[in-house]
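Colleague: Below is the structure I would like to discuss, written out as structure tokens.
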Amino acid sequence: MTWLEQLAVFGAGIAAGGINTIVGSGTLITFPVLLAFGVPPVTANVSNTIGLVPGSLSGVHGYRRELVGQQARLLRLGTASLLGGITGAVLLLVLPADAFKAIVPILIIAALVLVVVQPRLARWVKRQRENDGTPAPAHGGPILFAAIYATGVYGGYFGAAQGVLLIGLLGVFVHEDIQRLNGVKNALALIVNGVSALIFIVVADVNWRAAVLIALGSIIGGQLGARMGRRMPPTVLRAVIVVVGVIAVVRLLSS
């Protein structure tokens, strides 16, 4: 990569780290940037996952106050994320590269749909909860455990909008303040990305220059995202994610 391309990857890492901390979908920023600079899709996904781990850790640190008193919840749901992340990472490595190129555009489109409809879905869930008048289980119950595992599989395999899926599920099954749920979301995403990254480091082909640039950028972005999470207009953020995601789909299909 040229110096300008490296600077672009670093900047994408900052954006992705911030977006992941606020809502998720940071992969829709970094992944297409790596594709645009000629990194093969599977290598780009592996390098991106490794690079975003420090940003996830930075975001968890930024939300550490919201995580106070949620140790039992994190232990229970974190186990599901750990198992799911391992499953997804193994699937990425054992399935052929052509399968990844065929599946990922569909996953990105699905993630973009979730990004767009998430506010409406959240309002619907809130109305249903108010109509039923029944509080959700403290830790979501077995259905949430299974859903978090499935999200971990998705996150270990690709991961775009993993945070959107997690916050949506937590909002449905756990009766808790949204900022505290966002802290849990960041911790669960860190577990998935972290275990996937460990597997990829051992057995996968990694573009280490790209991974390090994304890591450095995502650390900065994670701290910025934690500070801006309560103030950034969500409509603007969603619009940026959708535009970048469409570019990623076009890039994958054209290659």
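Each chain in the structure tokens gets a letter, A, B and so on, in the order shown; residues start at 1 in every chain, and ligands are counted from 1 in the order they appear.
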Applying 8 Å and only C-alpha atoms, which residues near Ala44 of chain A remain after dropping the ones on its own chain fewer than 6 positions away? List them as a ChimeraX atom specification.

Modeller: /A:31,34-35,206-207

Colleague: Limited to N, CA and C atoms, could you put the picked residues into a file as a short mmCIF file (atom, residue, chain, number, x, y, z; two decimals), in the first residue's frame?

Modeller:
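Generated output (again_6.cif):
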```
data_model
loop_
_atom_site.label_atom_id
_atom_site.label_comp_id
_atom_site.auth_asym_id
_atom_site.auth_seq_id
_atom_site.Cartn_x
_atom_site.Cartn_y
_atom_site.Cartn_z
N PHE A 31 -13.74 -2.89 5.93
CA PHE A 31 -13.70 -3.99 4.97
C PHE A 31 -13.68 -3.52 3.52
N LEU A 34 -10.25 -2.00 2.55
CA LEU A 34 -9.22 -3.01 2.26
C LEU A 34 -9.46 -3.65 0.89
N LEU A 35 -10.70 -3.92 0.56
CA LEU A 35 -11.01 -4.47 -0.76
C LEU A 35 -10.57 -3.52 -1.86
N VAL A 206 -2.67 -13.30 7.27
CA VAL A 206 -2.98 -11.97 7.79
C VAL A 206 -2.15 -10.92 7.07
N ASN A 207 -2.79 -9.83 6.68
CA ASN A 207 -2.06 -8.66 6.19
C ASN A 207 -1.76 -7.80 7.42
#
```

Colleague: I'd like to know which of A:Ala239, A:Val212, A:Ile219, A:Leu224 is closest to Gly51 of chain A, using only C-alpha atoms.

Modeller: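 Counting only C-alpha atoms, the residue closest to Gly51 of chain A is A:Val212.
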
Colleague: So the first atom is atom CA of Gly159 of chain A and the second is atom CA of Gln128 of chain A; what is the distance between them in Å, to one decimal place?

Modeller: 28.4 Å

Colleague: Might you pull out every residue within 12 Å of segment 63-76 of chain A, with only C-alpha atoms counted and same-chain residues fewer than 3 positions away left off, and present them as a ChimeraX atom specification?

Modeller: /A:21-22,56-60,79-83,137-142,144-146,148-149,170,174,176-191,222-230

Colleague: I need the chosen residues saved as a CSV table (one decimal), in the first residue's frame, with C-alpha atoms.

Modeller:
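Now in part_36.csv:
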```csv
chain,number,residue,atom,x,y,z
A,21,THR,CA,-18.6,1.6,20.2
A,22,ILE,CA,-21.7,3.6,19.4
A,56,SER,CA,-13.3,-3.1,20.9
A,57,LEU,CA,-11.2,-3.1,24.0
A,58,SER,CA,-11.0,0.7,23.9
A,59,GLY,CA,-14.8,0.9,23.6
A,60,VAL,CA,-15.4,-1.4,26.5
A,79,THR,CA,-20.1,-17.7,27.3
A,80,ALA,CA,-22.6,-17.8,24.4
A,81,SER,CA,-20.5,-15.2,22.5
A,82,LEU,CA,-17.3,-17.1,23.1
A,83,LEU,CA,-18.7,-20.4,21.7
A,137,PRO,CA,-35.9,-12.1,32.5
A,138,ALA,CA,-32.9,-10.5,34.3
A,139,HIS,CA,-30.5,-12.1,31.9
A,140,GLY,CA,-32.8,-12.8,28.9
A,141,GLY,CA,-33.3,-16.6,29.5
A,142,PRO,CA,-32.4,-19.5,27.2
A,144,LEU,CA,-31.4,-14.9,24.4
A,145,PHE,CA,-28.5,-17.3,25.1
A,146,ALA,CA,-29.2,-19.1,21.8
A,148,ILE,CA,-26.4,-14.5,21.3
A,149,TYR,CA,-24.6,-17.7,20.3
A,170,LEU,CA,-30.6,-7.2,24.3
A,174,VAL,CA,-33.4,-7.6,28.9
A,176,GLU,CA,-32.3,-2.5,31.3
A,177,ASP,CA,-31.2,1.1,30.5
A,178,ILE,CA,-30.0,1.4,26.8
A,179,GLN,CA,-26.6,2.8,27.7
A,180,ARG,CA,-25.9,-0.2,30.1
A,181,LEU,CA,-27.0,-2.5,27.3
A,182,ASN,CA,-24.7,-0.8,25.0
A,183,GLY,CA,-21.8,-1.5,27.4
A,184,VAL,CA,-22.8,-5.2,27.4
A,185,LYS,CA,-23.0,-5.1,23.6
A,186,ASN,CA,-19.4,-3.8,23.4
A,187,ALA,CA,-18.2,-6.5,25.8
A,188,LEU,CA,-19.8,-9.3,23.9
A,189,ALA,CA,-18.5,-8.0,20.5
A,190,LEU,CA,-15.0,-7.9,22.1
A,191,ILE,CA,-15.3,-11.5,23.1
A,222,GLY,CA,-13.1,3.6,20.5
A,223,GLN,CA,-12.4,6.4,22.9
A,224,LEU,CA,-14.0,9.0,20.6
A,225,GLY,CA,-17.1,6.8,20.2
A,226,ALA,CA,-17.5,6.3,23.9
A,227,ARG,CA,-17.6,10.1,24.4
A,228,MET,CA,-19.8,10.9,21.4
A,229,GLY,CA,-22.2,7.9,21.7
A,230,ARG,CA,-24.8,10.0,23.5
```

Colleague: Give the answer as one residue: which of A:Ala211, A:His175, A:Ala197, A:Leu253 has the shortest atom-to-atom distance to Val9 of chain A, using only C-alpha atoms?

Modeller: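 Answer, going by the shortest atom-to-atom distance: A:Ala211.
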
Colleague: Check the smallest atom-to-atom distance from each of A:Asn131, A:Ser218, A:Thr30, A:Thr87 to Tyr154 of chain A using only C-alpha atoms, then report the winner.

Modeller: A:Thr87

Colleague: Please identify all polymer residues within 10 Å of Leu92 of chain A, counting only C-alpha atoms, omitting same-chain residues fewer than 6 positions from it, and present them as a list in words.

Modeller: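 Neighbouring residues, sequence-local ones excluded: Val42, Asn45, Val46, Ala99, Phe100, Val153, Tyr154, Gly156, Tyr157, Phe158, Ser196, Phe200 and Ala204 of chain A.
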
Colleague: Select, from A:Ile14, A:Val250, A:Val39, A:Val242, the residue with the minimum atom-to-atom distance to Pro54 of chain A, counting only C-alpha atoms.

Modeller: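 Closest to Pro54 of chain A, using only C-alpha atoms: A:Ile14.
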
Colleague: Return as a tab-separated table the residues of segment 12-74 of chain A lying at most 12 Å from segment 105-121 of chain A, together with the closest atom-to-atom pair for each and the distance in Å to one decimal, counting only C-alpha atoms, with rows in chain order and ascending residue number.

Modeller:
```
residue	atom	partner	partner_atom	distance
A:Val23	CA	A:Val115	CA	9.2
A:Gly24	CA	A:Val115	CA	9.1
A:Ser25	CA	A:Ala111	CA	8.0
A:Gly26	CA	A:Ala111	CA	11.4
A:Thr27	CA	A:Ile108	CA	9.8
A:Leu28	CA	A:Ile108	CA	7.9
A:Ile29	CA	A:Ile108	CA	11.6
A:Phe31	CA	A:Ile108	CA	10.7
A:Pro32	CA	A:Ile108	CA	10.9
A:Pro41	CA	A:Pro105	CA	11.1
```

Colleague: Could you pull out the alpha helix (DSSP H) residues of segment 52-163 of chain A from DSSP and send them as a PyMOL selection string?

Modeller: chain A and resi 52-62+71-94+97-132+141-157+162-163

Colleague: Enter the distance from atom CA of Ile50 of chain A to atom CA of Ile201 of chain A, in Å, rounded to one decimal.

Modeller: 7.8 Å
